$ cat work.tsv   # TSV, C-alpha atoms and all ligand atoms
chain	number	residue	atom	x	y	z
G	91	MET	CA	73.64	88.30	67.78
G	92	ALA	CA	75.53	86.19	70.30
G	93	GLU	CA	77.34	88.07	73.02
G	94	PHE	CA	81.11	88.45	72.75
G	95	LEU	CA	82.52	87.13	76.04
G	96	THR	CA	85.83	88.31	77.47
G	97	LEU	CA	87.45	86.51	80.38
G	98	GLY	CA	89.47	89.04	82.43
G	99	ILE	CA	92.35	88.10	84.74
G	100	GLU	CA	93.95	90.54	87.21
G	101	THR	CA	96.83	89.65	89.56
G	102	SER	CA	99.05	92.75	89.46
G	103	CYS	CA	99.11	93.38	93.21
G	104	ASP	CA	97.23	91.73	96.07
G	105	GLU	CA	93.86	90.89	94.52
G	106	THR	CA	93.29	87.68	92.58
G	107	SER	CA	90.41	88.51	90.30
G	108	VAL	CA	88.66	86.79	87.39
G	109	ALA	CA	85.65	88.20	85.52
G	110	VAL	CA	83.43	87.46	82.54
G	111	VAL	CA	82.28	90.56	80.64
G	112	ALA	CA	79.90	90.59	77.65
G	113	ASP	CA	80.46	92.98	74.73
G	114	GLY	CA	83.07	94.93	76.69
G	115	ARG	CA	80.55	96.48	79.09
G	116	LYS	CA	78.18	93.98	80.76
G	117	ILE	CA	79.46	92.22	83.86
G	118	LYS	CA	78.45	88.54	83.98
G	119	SER	CA	80.71	87.82	86.95
G	120	ASN	CA	83.55	89.61	88.73
G	121	LEU	CA	85.19	87.54	91.48
G	122	ILE	CA	87.73	89.31	93.68
G	123	ALA	CA	89.77	87.42	96.29
G	124	SER	CA	91.61	89.96	98.43
G	125	GLN	CA	94.84	89.06	100.23
G	126	LEU	CA	94.42	91.95	102.66
G	127	ASP	CA	94.56	89.74	105.78
G	128	LEU	CA	97.84	88.24	104.60
G	129	HIS	CA	99.61	91.60	104.29
G	130	THR	CA	97.99	93.77	107.00
G	131	LYS	CA	100.40	92.70	109.73
G	132	PHE	CA	103.34	93.81	107.55
G	133	GLY	CA	101.79	97.24	106.87
G	134	GLY	CA	102.03	96.76	103.11
G	135	VAL	CA	102.08	94.16	100.34
G	136	VAL	CA	104.88	91.57	100.57
G	137	PRO	CA	105.60	90.66	96.90
G	138	GLU	CA	106.80	87.10	97.54
G	139	LEU	CA	103.75	86.24	99.65
G	140	ALA	CA	101.42	87.89	97.15
G	141	ALA	CA	102.72	85.76	94.25
G	142	ARG	CA	102.41	82.51	96.22
G	143	CYS	CA	98.90	83.39	97.30
G	144	HIS	CA	97.83	84.18	93.70
G	145	LEU	CA	99.05	80.73	92.69
G	146	GLU	CA	96.84	79.05	95.29
G	147	THR	CA	93.79	81.22	94.64
G	148	MET	CA	93.86	81.50	90.84
G	149	LEU	CA	92.16	78.22	89.90
G	150	PRO	CA	89.28	78.33	92.44
G	151	VAL	CA	88.53	81.98	91.62
G	152	TYR	CA	88.55	81.17	87.88
G	153	ARG	CA	86.15	78.23	88.39
G	154	LYS	CA	83.78	80.38	90.45
G	155	ALA	CA	83.85	83.22	87.90
G	156	LEU	CA	82.85	80.84	85.07
G	157	ALA	CA	80.18	79.17	87.22
G	158	GLU	CA	78.68	82.51	88.27
G	159	ALA	CA	78.57	83.66	84.65
G	160	GLY	CA	76.98	80.30	83.72
G	161	VAL	CA	79.50	79.53	80.97
G	162	GLU	CA	82.26	77.05	80.14
G	163	LEU	CA	85.68	77.94	78.75
G	164	GLU	CA	84.50	76.99	75.23
G	165	ALA	CA	82.09	79.94	75.26
G	166	ILE	CA	84.87	82.50	75.91
G	167	ASP	CA	85.86	84.57	72.85
G	168	LEU	CA	88.84	86.46	74.30
G	169	ILE	CA	91.15	86.27	77.32
G	170	ALA	CA	92.42	89.60	78.68
G	171	VAL	CA	95.16	89.63	81.30
G	172	THR	CA	96.99	92.42	83.13
G	173	GLN	CA	100.47	92.72	81.67
G	174	GLY	CA	101.71	95.55	83.91
G	175	PRO	CA	102.45	97.75	85.72
G	176	GLY	CA	102.58	95.72	88.92
G	177	LEU	CA	104.59	93.23	90.95
G	178	ILE	CA	106.52	90.90	88.65
G	179	GLY	CA	105.83	87.67	90.53
G	180	SER	CA	102.13	88.44	90.85
G	181	LEU	CA	101.79	89.44	87.20
G	182	LEU	CA	103.53	86.25	86.05
G	183	VAL	CA	101.00	84.04	87.85
G	184	GLY	CA	98.06	85.67	86.01
G	185	ILE	CA	99.86	85.73	82.67
G	186	SER	CA	100.95	82.08	82.86
G	187	PHE	CA	97.44	81.03	83.80
G	188	ALA	CA	95.95	83.10	80.96
G	189	LYS	CA	98.37	81.57	78.46
G	190	GLY	CA	97.48	78.06	79.61
G	191	LEU	CA	93.78	78.79	79.08
G	192	ALA	CA	94.40	80.44	75.71
G	193	LEU	CA	96.36	77.41	74.51
G	194	ALA	CA	93.94	74.85	75.92
G	195	GLY	CA	90.87	76.57	74.50
G	196	ASN	CA	92.50	77.99	71.33
G	197	ILE	CA	91.27	81.43	72.41
G	198	PRO	CA	92.91	84.77	71.47
G	199	LEU	CA	94.87	86.41	74.29
G	200	VAL	CA	95.40	90.11	74.88
G	201	GLY	CA	97.68	91.87	77.38
G	202	VAL	CA	96.19	94.89	79.15
G	203	ASN	CA	97.79	97.89	80.82
G	204	HIS	CA	96.49	98.02	84.42
G	205	ILE	CA	96.05	101.82	84.31
G	206	GLU	CA	94.03	101.53	81.12
G	207	GLY	CA	91.93	98.98	83.01
G	208	HIS	CA	91.20	101.50	85.78
G	209	ILE	CA	90.00	104.02	83.19
G	210	TYR	CA	87.68	101.43	81.60
G	211	ALA	CA	86.14	100.58	84.98
G	212	ASN	CA	83.98	103.62	84.26
G	213	ILE	CA	82.45	102.30	81.05
G	214	LEU	CA	81.21	99.05	82.60
G	215	GLU	CA	77.40	99.06	82.63
G	216	ARG	CA	77.42	102.58	81.13
G	217	PRO	CA	76.68	102.26	77.40
G	218	GLU	CA	76.28	106.03	77.07
G	219	LEU	CA	79.96	106.82	77.73
G	220	GLU	CA	81.96	107.61	74.59
G	221	PRO	CA	85.30	109.44	74.09
G	222	PRO	CA	86.62	112.09	74.27
G	223	LEU	CA	86.91	111.67	78.04
G	224	LEU	CA	89.12	113.29	80.64
G	225	CYS	CA	90.24	110.87	83.32
G	226	LEU	CA	91.98	111.23	86.66
G	227	THR	CA	93.46	107.87	87.68
G	228	VAL	CA	94.52	107.83	91.31
G	229	SER	CA	95.72	104.57	92.82
G	230	GLY	CA	98.38	103.17	95.13
G	231	GLY	CA	100.95	103.29	92.35
G	232	HIS	CA	99.71	106.01	89.98
G	233	THR	CA	98.42	109.53	89.71
G	234	ASP	CA	97.73	110.26	86.05
G	235	LEU	CA	95.64	112.89	84.36
G	236	VAL	CA	94.78	111.41	80.97
G	237	TYR	CA	92.91	112.81	77.99
G	238	MET	CA	91.33	109.89	76.15
G	239	LYS	CA	90.68	111.22	72.65
G	240	ASP	CA	89.34	107.95	71.33
G	241	TRP	CA	89.26	104.31	72.46
G	242	GLY	CA	92.88	103.42	73.20
G	243	ARG	CA	94.26	106.86	72.22
G	244	TYR	CA	95.65	108.67	75.22
G	245	GLN	CA	97.38	111.94	75.89
G	246	LEU	CA	99.12	112.03	79.27
G	247	LEU	CA	98.59	115.56	80.57
G	248	GLY	CA	100.28	115.08	83.93
G	249	SER	CA	101.43	112.54	86.48
G	250	THR	CA	103.05	112.50	89.90
G	251	ARG	CA	106.66	113.61	90.24
G	252	ASP	CA	107.13	111.59	93.43
G	253	ASP	CA	104.60	109.62	95.50
G	254	ALA	CA	101.30	108.43	94.05
G	255	ALA	CA	98.18	109.80	95.75
G	256	GLY	CA	97.27	106.43	97.31
G	257	GLU	CA	100.85	105.90	98.44
G	258	ALA	CA	100.71	109.29	100.22
G	259	PHE	CA	97.45	108.24	101.94
G	260	ASP	CA	99.05	104.94	103.01
G	261	LYS	CA	102.25	106.56	104.33
G	262	VAL	CA	100.49	109.34	106.24
G	263	ALA	CA	98.04	106.83	107.73
G	264	ARG	CA	101.00	104.78	108.91
G	265	VAL	CA	102.65	107.68	110.75
G	266	LEU	CA	99.27	108.49	112.29
G	267	GLY	CA	99.10	104.90	113.58
G	268	LEU	CA	96.08	104.00	111.41
G	269	GLU	CA	95.65	100.58	109.85
G	270	TYR	CA	96.66	99.50	106.33
G	271	PRO	CA	95.48	100.33	103.70
G	272	GLY	CA	95.58	103.93	104.83
G	273	GLY	CA	93.20	105.51	102.30
G	274	PRO	CA	89.97	104.03	103.65
G	275	ALA	CA	91.20	104.56	107.24
G	276	ILE	CA	91.84	108.29	106.67
G	277	ASP	CA	88.56	108.64	104.77
G	278	ARG	CA	86.67	107.14	107.75
G	279	ILE	CA	88.39	109.05	110.54
G	280	ALA	CA	88.22	112.38	108.66
G	281	LYS	CA	84.43	112.32	108.47
G	282	GLY	CA	83.02	115.26	110.41
G	283	ALA	CA	86.45	116.38	111.64
G	284	GLY	CA	87.89	119.89	111.23
G	285	ASP	CA	90.25	120.12	108.27
G	286	ASP	CA	91.83	123.55	108.64
G	287	LEU	CA	95.34	122.79	109.93
G	288	GLN	CA	97.14	125.88	108.69
G	289	PHE	CA	100.49	124.39	107.67
G	290	MET	CA	98.82	122.16	105.11
G	291	GLN	CA	98.62	124.18	101.98
G	292	SER	CA	98.43	122.68	98.54
G	293	LYS	CA	101.68	123.77	96.91
G	294	ALA	CA	100.77	122.24	93.59
G	295	MET	CA	103.10	123.25	90.77
G	296	ALA	CA	101.31	126.13	89.16
G	297	GLY	CA	100.97	126.00	85.39
G	298	SER	CA	101.71	122.27	85.23
G	299	TYR	CA	99.38	119.29	85.27
G	300	ASP	CA	101.95	117.28	87.23
G	301	PHE	CA	101.33	116.36	90.88
G	302	SER	CA	103.56	116.13	93.93
G	303	PHE	CA	102.72	114.68	97.33
G	304	SER	CA	105.99	113.89	99.09
G	305	GLY	CA	106.45	117.47	100.40
G	306	LEU	CA	103.03	117.25	102.03
G	307	LYS	CA	103.89	113.88	103.57
G	308	THR	CA	107.14	115.30	105.00
G	309	ALA	CA	105.26	118.34	106.36
G	310	VAL	CA	102.91	115.98	108.25
G	311	ILE	CA	105.84	113.96	109.65
G	312	ASN	CA	107.66	117.12	110.78
G	313	TYR	CA	104.50	118.45	112.41
G	314	LEU	CA	103.98	115.20	114.33
G	315	ASN	CA	107.63	115.24	115.47
G	316	ARG	CA	107.31	118.83	116.72
G	317	LEU	CA	104.20	117.93	118.75
G	318	LYS	CA	105.97	114.88	120.18
G	319	GLN	CA	108.99	116.95	121.24
G	320	LYS	CA	106.68	119.42	122.99
G	321	GLY	CA	104.79	116.54	124.62
G	322	GLU	CA	101.52	117.63	123.03
G	323	THR	CA	98.85	115.18	121.92
G	324	VAL	CA	97.95	114.75	118.26
G	325	ASP	CA	94.43	115.43	117.06
G	326	ILE	CA	94.47	112.51	114.59
G	327	PRO	CA	91.13	113.22	112.87
G	328	LEU	CA	92.17	116.87	112.36
G	329	VAL	CA	95.50	115.88	110.78
G	330	ALA	CA	93.84	113.18	108.64
G	331	ALA	CA	91.07	115.47	107.41
G	332	SER	CA	93.46	118.37	106.68
G	333	PHE	CA	95.77	116.05	104.75
G	334	GLN	CA	92.84	114.63	102.78
G	335	ARG	CA	91.53	118.10	101.97
G	336	THR	CA	94.96	119.21	100.72
G	337	VAL	CA	95.41	116.15	98.48
G	338	VAL	CA	91.91	116.56	97.05
G	339	GLU	CA	92.52	120.29	96.42
G	340	GLN	CA	95.60	119.48	94.37
G	341	LEU	CA	93.89	116.71	92.39
G	342	THR	CA	90.74	118.68	91.63
G	343	ASP	CA	92.54	121.93	90.85
G	344	LYS	CA	94.32	120.20	87.95
G	345	LEU	CA	91.36	118.09	86.84
G	346	PHE	CA	89.01	121.05	86.50
G	347	ARG	CA	91.68	123.26	84.93
G	348	ALA	CA	92.26	120.56	82.29
G	349	ALA	CA	88.50	120.29	81.79
G	350	ARG	CA	88.49	123.90	80.58
G	351	GLU	CA	91.32	123.26	78.14
G	352	TYR	CA	90.41	119.82	76.73
G	353	PRO	CA	86.87	119.28	75.40
G	354	ALA	CA	85.44	116.07	76.90
G	355	ASN	CA	82.03	114.38	76.99
G	356	ALA	CA	82.61	113.60	80.66
G	357	LEU	CA	85.13	113.67	83.49
G	358	LEU	CA	86.09	110.29	84.96
G	359	LEU	CA	87.65	109.36	88.29
G	360	SER	CA	89.27	105.94	88.61
G	361	GLY	CA	91.68	103.88	90.73
G	362	GLY	CA	91.57	103.01	94.42
G	363	VAL	CA	91.65	106.63	95.63
G	364	SER	CA	88.53	107.41	93.57
G	365	ALA	CA	86.70	105.55	96.36
G	366	ASN	CA	87.49	108.54	98.59
G	367	SER	CA	84.23	110.08	99.72
G	368	TYR	CA	85.59	113.63	100.08
G	369	LEU	CA	87.07	113.51	96.54
G	370	ARG	CA	83.79	112.22	95.11
G	371	GLU	CA	81.65	114.82	96.88
G	372	TYR	CA	83.97	117.68	95.95
G	373	CYS	CA	84.06	116.65	92.28
G	374	ARG	CA	80.30	116.12	92.17
G	375	ARG	CA	79.63	119.63	93.54
G	376	GLU	CA	82.15	121.27	91.20
G	377	ALA	CA	80.98	119.34	88.10
G	378	ASP	CA	77.35	120.25	88.84
G	379	ARG	CA	78.31	123.90	89.30
G	380	LEU	CA	80.11	123.92	85.95
G	381	GLY	CA	77.45	121.85	84.16
G	382	MET	CA	79.90	119.00	83.40
G	383	LYS	CA	79.20	115.26	83.45
G	384	LEU	CA	81.15	113.34	86.07
G	385	TYR	CA	81.44	109.57	86.52
G	386	TYR	CA	83.22	107.41	89.03
G	387	PRO	CA	82.97	103.64	89.29
G	388	PRO	CA	80.89	101.95	91.98
G	389	LEU	CA	83.10	101.22	95.02
G	390	ALA	CA	83.73	97.57	94.06
G	391	LEU	CA	85.13	98.65	90.68
G	392	CYS	CA	87.38	101.43	92.04
G	393	THR	CA	90.01	99.07	93.42
G	394	ASP	CA	91.67	96.27	91.48
G	395	ASN	CA	89.28	93.91	89.68
G	396	ALA	CA	89.24	91.80	86.53
G	397	ALA	CA	86.04	93.22	84.99
G	398	MET	CA	87.88	96.45	84.18
G	399	ILE	CA	90.71	94.43	82.58
G	400	ALA	CA	88.17	92.53	80.45
G	401	ALA	CA	86.52	95.82	79.39
G	402	ALA	CA	89.84	97.39	78.37
G	403	GLY	CA	90.98	94.14	76.71
G	404	TYR	CA	87.87	94.06	74.53
G	405	TYR	CA	88.66	97.50	73.10
G	406	VAL	CA	92.40	96.77	72.76
G	407	TYR	CA	91.57	93.59	70.83
G	408	ARG	CA	89.12	95.41	68.57
G	409	SER	CA	91.68	98.08	67.67
G	410	SER	CA	94.99	96.17	67.71
G	411	GLY	CA	94.18	92.44	67.61
G	412	ALA	CA	95.57	89.71	69.86
G	413	SER	CA	98.94	89.58	71.63
G	414	GLY	CA	101.30	86.72	70.83
G	415	LEU	CA	101.91	83.85	73.24
G	416	ASP	CA	105.29	85.48	73.91
G	417	LEU	CA	103.39	88.02	76.02
G	418	THR	CA	105.26	88.63	79.26
G	419	ALA	CA	105.00	90.69	82.45
G	420	GLN	CA	106.09	94.34	82.25
G	421	PRO	CA	106.32	95.65	85.82
G	422	ASP	CA	106.96	99.24	84.61
G	423	LEU	CA	104.58	99.25	81.65
G	424	LYS	CA	103.56	102.80	80.67
G	425	LEU	CA	100.36	103.92	79.04
G	426	ALA	CA	100.87	104.07	75.26
G	427	VAL	CA	100.33	107.75	74.56
G	428	VAL	CA	99.77	109.71	71.37
G	429	GLU	CA	100.75	113.33	71.12
G	430	ASN	CA	97.83	114.66	69.08
L	1	LIG	O1	93.75	100.83	92.52
L	1	LIG	P1	94.17	100.16	93.77
L	1	LIG	O2	93.27	99.12	94.36
L	1	LIG	O3	95.56	99.47	93.60
L	1	LIG	C1	96.56	99.98	92.82
L	1	LIG	O4	96.53	99.74	91.58
L	1	LIG	O5	97.41	100.68	93.40
L	1	LIG	O6	94.44	101.34	94.82
L	1	LIG	C2	94.84	101.10	96.14
L	1	LIG	C3	95.03	102.45	96.81
L	1	LIG	C4	95.64	102.35	98.21
L	1	LIG	O7	96.72	103.27	98.30
L	1	LIG	C5	94.49	102.75	99.12
L	1	LIG	O8	94.92	103.37	100.32
L	1	LIG	C6	93.71	103.72	98.23
L	1	LIG	O9	93.77	103.13	96.95
L	1	LIG	N1	92.32	103.88	98.66
L	1	LIG	C7	91.80	105.05	99.12
L	1	LIG	C8	90.46	104.78	99.50
L	1	LIG	N2	90.19	103.46	99.23
L	1	LIG	C9	91.34	102.92	98.71
L	1	LIG	N3	92.37	106.25	99.27
L	1	LIG	C10	91.62	107.24	99.79
L	1	LIG	N4	90.33	107.06	100.18
L	1	LIG	C11	89.72	105.87	100.05
L	1	LIG	N5	88.43	105.72	100.45
L	2	ZN	ZN	95.04	99.36	90.54

$ encode --input "work.tsv" --output "structure tokens"
Amino acid sequence: MAEFLTLGIETSCDETSVAVVADGRKIKSNLIASQLDLHTKFGGVVPELAARCHLETMLPVYRKALAEAGVELEAIDLIAVTQGPGLIGSLLVGISFAKGLALAGNIPLVGVNHIEGHIYANILERPELEPPLLCLTVSGGHTDLVYMKDWGRYQLLGSTRDDAAGEAFDKVARVLGLEYPGGPAIDRIAKGAGDDLQFMQSKAMAGSYDFSFSGLKTAVINYLNRLKQKGETVDIPLVAASFQRTVVEQLTDKLFRAAREYPANALLLSGGVSANSYLREYCRREADRLGMKLYYPPLALCTDNAAMIAAAGYYVYRSSGASGLDLTAQPDLKLAVVEN
């Protein structure tokens, strides 16, 4: 049988990405043009610049993605585009482009939730993965613990009450004078460093699956101010490693507690922060100890990419059909959850 080809388009933040995925799981191409250089000097993503840059990059990245997959637009069966959450201007570039292609090629179009995309990054190239699955999605904008009962059926067990995990990494890195994005910088500098700064205790809300990171961030800022007032030097690797340990303790405490309560074929990590080496190693050790299966995407699929959007879009299309051409950007789009 001929392969079913999905063209994925992702422009929710600062990556312009286009991918071709066969049968929802096989990556034919996954082109990612990062705007990192554009935003680094501002210490964060500048929405207006991001949207303009997507507009310039979209067409060449699309052409390369088709060429690398060895197909023409006529061979594409479905177009999947990130609908939200994300930056409105950036989302609109991807959505407008996707609509143009859908109209020109008379191809069905489906809007995809970006967080759902991160979860599906795990099923790419892994035909053995089937729900129920328990997924921790940790990115720059989200910290969600999700029980995926079936394809497209989610129960949101907990999410952050304030900062997202990646946001906390980025903000703490900034006060430590590390480069943007802060997650990889903290991960690097923490390697081999002591991580036992006493004031950093995980004060995760007991009994809840919700997360909170802003208190920890404030504790780090206050600590640095106290040292500065006393004229003492900061041991940056020690602070970074202690912060990282505390964040990972909170994340894994809830993940493994949920794993005892919700029967799952496997535990999944996803989102940019799932690239964190300490988080991966900790989860691997704990999952092995408990005899549970654990998956996380390869590094290139942890951060924003269009292959994950194509994978999620394939399953959304199979269960709910196409979106209309009135599809529009939803910067605050939530995961559609079911209670039972
Ligand atoms: O998923 P993503 O690419 O974009 C969003 O949808 O937000 O995630 C980006 C976030 C940033 O906050 C970045 O600092 C964090 O992921 N990140 C990491 C690592 N690599 C990326 N955080 C901790 N450790 C890492 N190795
Ligand atoms: Zn993301």

$ residues_near_ligand --input "work.tsv" --ligand "ligand ZN 2 (chain L)" --cutoff "8 Å" --atoms "all atoms listed in the file" --output "MDAnalysis selection string"
chainID G and resid 102:103 204:205 208 229:231 361:362 393:395

$ residues_around --input "work.tsv" --residues "region 324-338 of chain G" --least-positions-apart "3" --cutoff "9 Å" --atoms "all atoms listed in the file" --output "PyMOL selection string"
chain G and resi 255+258-259+262-263+266-267+276-277+279-288+290-293+303+306-307+310+314+317-318+341-343+368-369+372

$ residues_around --input "work.tsv" --residues "Tyr385 (chain G)" --least-positions-apart "4" --cutoff "10 Å" --atoms "only C-alpha atoms" --output "number ranges by chain"
G: 212-213, 216, 219, 225, 356-360, 370, 373-374, 377

$ residues_near_point --input "work.tsv" --point "(88.1, 102.0, 76.6)" --cutoff "12 Å" --atoms "all atoms listed in the file" --output "ChimeraX atom specification"
/G:113-115,202-203,205-214,216-217,219-223,225,237-244,358,398-409

$ write_last_selection --input "work.tsv" --atoms "C-alpha atoms" --output "mmCIF file, in the coordinates of the input"
data_model
loop_
_atom_site.group_PDB
_atom_site.id
_atom_site.type_symbol
_atom_site.label_atom_id
_atom_site.label_comp_id
_atom_site.auth_asym_id
_atom_site.auth_seq_id
_atom_site.Cartn_x
_atom_site.Cartn_y
_atom_site.Cartn_z
ATOM 1 C CA ASP G 113 80.460 92.980 74.730
ATOM 2 C CA GLY G 114 83.070 94.930 76.690
ATOM 3 C CA ARG G 115 80.550 96.480 79.090
ATOM 4 C CA VAL G 202 96.190 94.890 79.150
ATOM 5 C CA ASN G 203 97.790 97.890 80.820
ATOM 6 C CA ILE G 205 96.050 101.820 84.310
ATOM 7 C CA GLU G 206 94.030 101.530 81.120
ATOM 8 C CA GLY G 207 91.930 98.980 83.010
ATOM 9 C CA HIS G 208 91.200 101.500 85.780
ATOM 10 C CA ILE G 209 90.000 104.020 83.190
ATOM 11 C CA TYR G 210 87.680 101.430 81.600
ATOM 12 C CA ALA G 211 86.140 100.580 84.980
ATOM 13 C CA ASN G 212 83.980 103.620 84.260
ATOM 14 C CA ILE G 213 82.450 102.300 81.050
ATOM 15 C CA LEU G 214 81.210 99.050 82.600
ATOM 16 C CA ARG G 216 77.420 102.580 81.130
ATOM 17 C CA PRO G 217 76.680 102.260 77.400
ATOM 18 C CA LEU G 219 79.960 106.820 77.730
ATOM 19 C CA GLU G 220 81.960 107.610 74.590
ATOM 20 C CA PRO G 221 85.300 109.440 74.090
ATOM 21 C CA PRO G 222 86.620 112.090 74.270
ATOM 22 C CA LEU G 223 86.910 111.670 78.040
ATOM 23 C CA CYS G 225 90.240 110.870 83.320
ATOM 24 C CA TYR G 237 92.910 112.810 77.990
ATOM 25 C CA MET G 238 91.330 109.890 76.150
ATOM 26 C CA LYS G 239 90.680 111.220 72.650
ATOM 27 C CA ASP G 240 89.340 107.950 71.330
ATOM 28 C CA TRP G 241 89.260 104.310 72.460
ATOM 29 C CA GLY G 242 92.880 103.420 73.200
ATOM 30 C CA ARG G 243 94.260 106.860 72.220
ATOM 31 C CA TYR G 244 95.650 108.670 75.220
ATOM 32 C CA LEU G 358 86.090 110.290 84.960
ATOM 33 C CA MET G 398 87.880 96.450 84.180
ATOM 34 C CA ILE G 399 90.710 94.430 82.580
ATOM 35 C CA ALA G 400 88.170 92.530 80.450
ATOM 36 C CA ALA G 401 86.520 95.820 79.390
ATOM 37 C CA ALA G 402 89.840 97.390 78.370
ATOM 38 C CA GLY G 403 90.980 94.140 76.710
ATOM 39 C CA TYR G 404 87.870 94.060 74.530
ATOM 40 C CA TYR G 405 88.660 97.500 73.100
ATOM 41 C CA VAL G 406 92.400 96.770 72.760
ATOM 42 C CA TYR G 407 91.570 93.590 70.830
ATOM 43 C CA ARG G 408 89.120 95.410 68.570
ATOM 44 C CA SER G 409 91.680 98.080 67.670
#

$ closest_residue --input "work.tsv" --among "G:Pro198, G:Gly98, G:Pro274, G:Pro388" --to "ligand LIG 1 (chain L)" --atoms "only C-alpha atoms and all ligand atoms"
G:Pro274

$ atom_distance --input "work.tsv" --atom1 "atom C9 of ligand LIG 1 (chain L)" --atom2 "CA of Val200 (chain G)"
27.4 Å

$ axis_aligned_box --input "work.tsv" --around "ligand LIG 1 (chain L)" --padding-each-side "3 Å" --output "lines of an AutoDock Vina configuration file"
center_x = 92.9
center_y = 103.2
center_z = 96.0
size_x = 15.0
size_y = 14.1
size_z = 14.9

$ residues_around --input "work.tsv" --residues "Tyr152 (chain G)" --least-positions-apart "2" --cutoff "9 Å" --atoms "all atoms listed in the file" --output "PyMOL selection string"
chain G and resi 99+107-109+121+147-150+154-157

$ write_last_selection --input "work.tsv" --atoms "C-alpha atoms" --output "short mmCIF file (atom, residue, chain, number, x, y, z; two decimals), keeping the file's coordinate frame"
data_model
loop_
_atom_site.label_atom_id
_atom_site.label_comp_id
_atom_site.auth_asym_id
_atom_site.auth_seq_id
_atom_site.Cartn_x
_atom_site.Cartn_y
_atom_site.Cartn_z
CA ILE G 99 92.35 88.10 84.74
CA SER G 107 90.41 88.51 90.30
CA VAL G 108 88.66 86.79 87.39
CA ALA G 109 85.65 88.20 85.52
CA LEU G 121 85.19 87.54 91.48
CA THR G 147 93.79 81.22 94.64
CA MET G 148 93.86 81.50 90.84
CA LEU G 149 92.16 78.22 89.90
CA PRO G 150 89.28 78.33 92.44
CA LYS G 154 83.78 80.38 90.45
CA ALA G 155 83.85 83.22 87.90
CA LEU G 156 82.85 80.84 85.07
CA ALA G 157 80.18 79.17 87.22
#

$ residues_around --input "work.tsv" --residues "Leu380 (chain G)" --least-positions-apart "5" --cutoff "10 Å" --atoms "all atoms listed in the file" --output "PyMOL selection string"
chain G and resi 346+350+374-375

$ write_last_selection --input "work.tsv" --atoms "C-alpha atoms" --output "mmCIF file, in the frame of the given file"
data_model
loop_
_atom_site.group_PDB
_atom_site.id
_atom_site.type_symbol
_atom_site.label_atom_id
_atom_site.label_comp_id
_atom_site.auth_asym_id
_atom_site.auth_seq_id
_atom_site.Cartn_x
_atom_site.Cartn_y
_atom_site.Cartn_z
ATOM 1 C CA PHE G 346 89.010 121.050 86.500
ATOM 2 C CA ARG G 350 88.490 123.900 80.580
ATOM 3 C CA ARG G 374 80.300 116.120 92.170
ATOM 4 C CA ARG G 375 79.630 119.630 93.540
#

$ closest_residue --input "work.tsv" --among "G:Met382, G:Val135, G:Ile185, G:Leu199" --to "ligand LIG 1 (chain L)" --atoms "all atoms listed in the file"
G:Val135

$ atom_distance --input "work.tsv" --atom1 "CA of Asn355 (chain G)" --atom2 "CA of Asp234 (chain G)"
18.6 Å

$ closest_residue --input "work.tsv" --among "G:Ala141, G:Ala188, G:Ala123, G:Leu389" --to "Asp416 (chain G)" --atoms "all atoms listed in the file"
G:Ala188

$ atom_distance --input "work.tsv" --atom1 "CA of Ser302 (chain G)" --atom2 "CA of Ser124 (chain G)"
29.1 Å

$ residues_around --input "work.tsv" --residues "Gly174 (chain G)" --least-positions-apart "5" --cutoff "10 Å" --atoms "only C-alpha atoms" --output "VMD selection string"
chain G and resid 100 to 103 180 to 182 201 to 205 418 to 425

$ closest_residue --input "work.tsv" --among "G:Met295, G:Ile169, G:Ala194, G:Ile122" --to "ligand LIG 1 (chain L)" --atoms "all atoms listed in the file"
G:Ile122

$ closest_residue --input "work.tsv" --among "G:Lys344, G:Arg264, G:Lys320, G:Lys131" --to "ligand LIG 1 (chain L)" --atoms "all atoms listed in the file"
G:Arg264

$ closest_residue --input "work.tsv" --among "G:Gly176, G:Gly297, G:Gly411, G:Gly133" --to "ligand LIG 1 (chain L)" --atoms "all atoms listed in the file"
G:Gly176

$ decode --input "work.tsv" --residues "region 222-236 of chain G" --atoms "C-alpha atoms" --output "compact mmCIF listing (two decimals), in the first residue's frame"
# COMPACT_ATOMS: atom_id res chain seq x y z
CA PRO G 222 -2.02 4.30 27.46
CA LEU G 223 1.04 6.48 28.01
CA LEU G 224 2.05 8.84 30.78
CA CYS G 225 3.81 11.93 29.49
CA LEU G 226 5.74 14.75 31.12
CA THR G 227 5.93 17.70 28.70
CA VAL G 228 8.47 20.27 29.81
CA SER G 229 9.23 23.18 27.50
CA GLY G 230 9.85 26.92 27.56
CA GLY G 231 6.13 27.60 27.84
CA HIS G 232 4.68 24.46 29.44
CA THR G 233 5.01 21.96 32.22
CA ASP G 234 2.24 19.40 31.86
CA LEU G 235 1.80 15.93 33.27
CA VAL G 236 -0.58 14.21 30.87
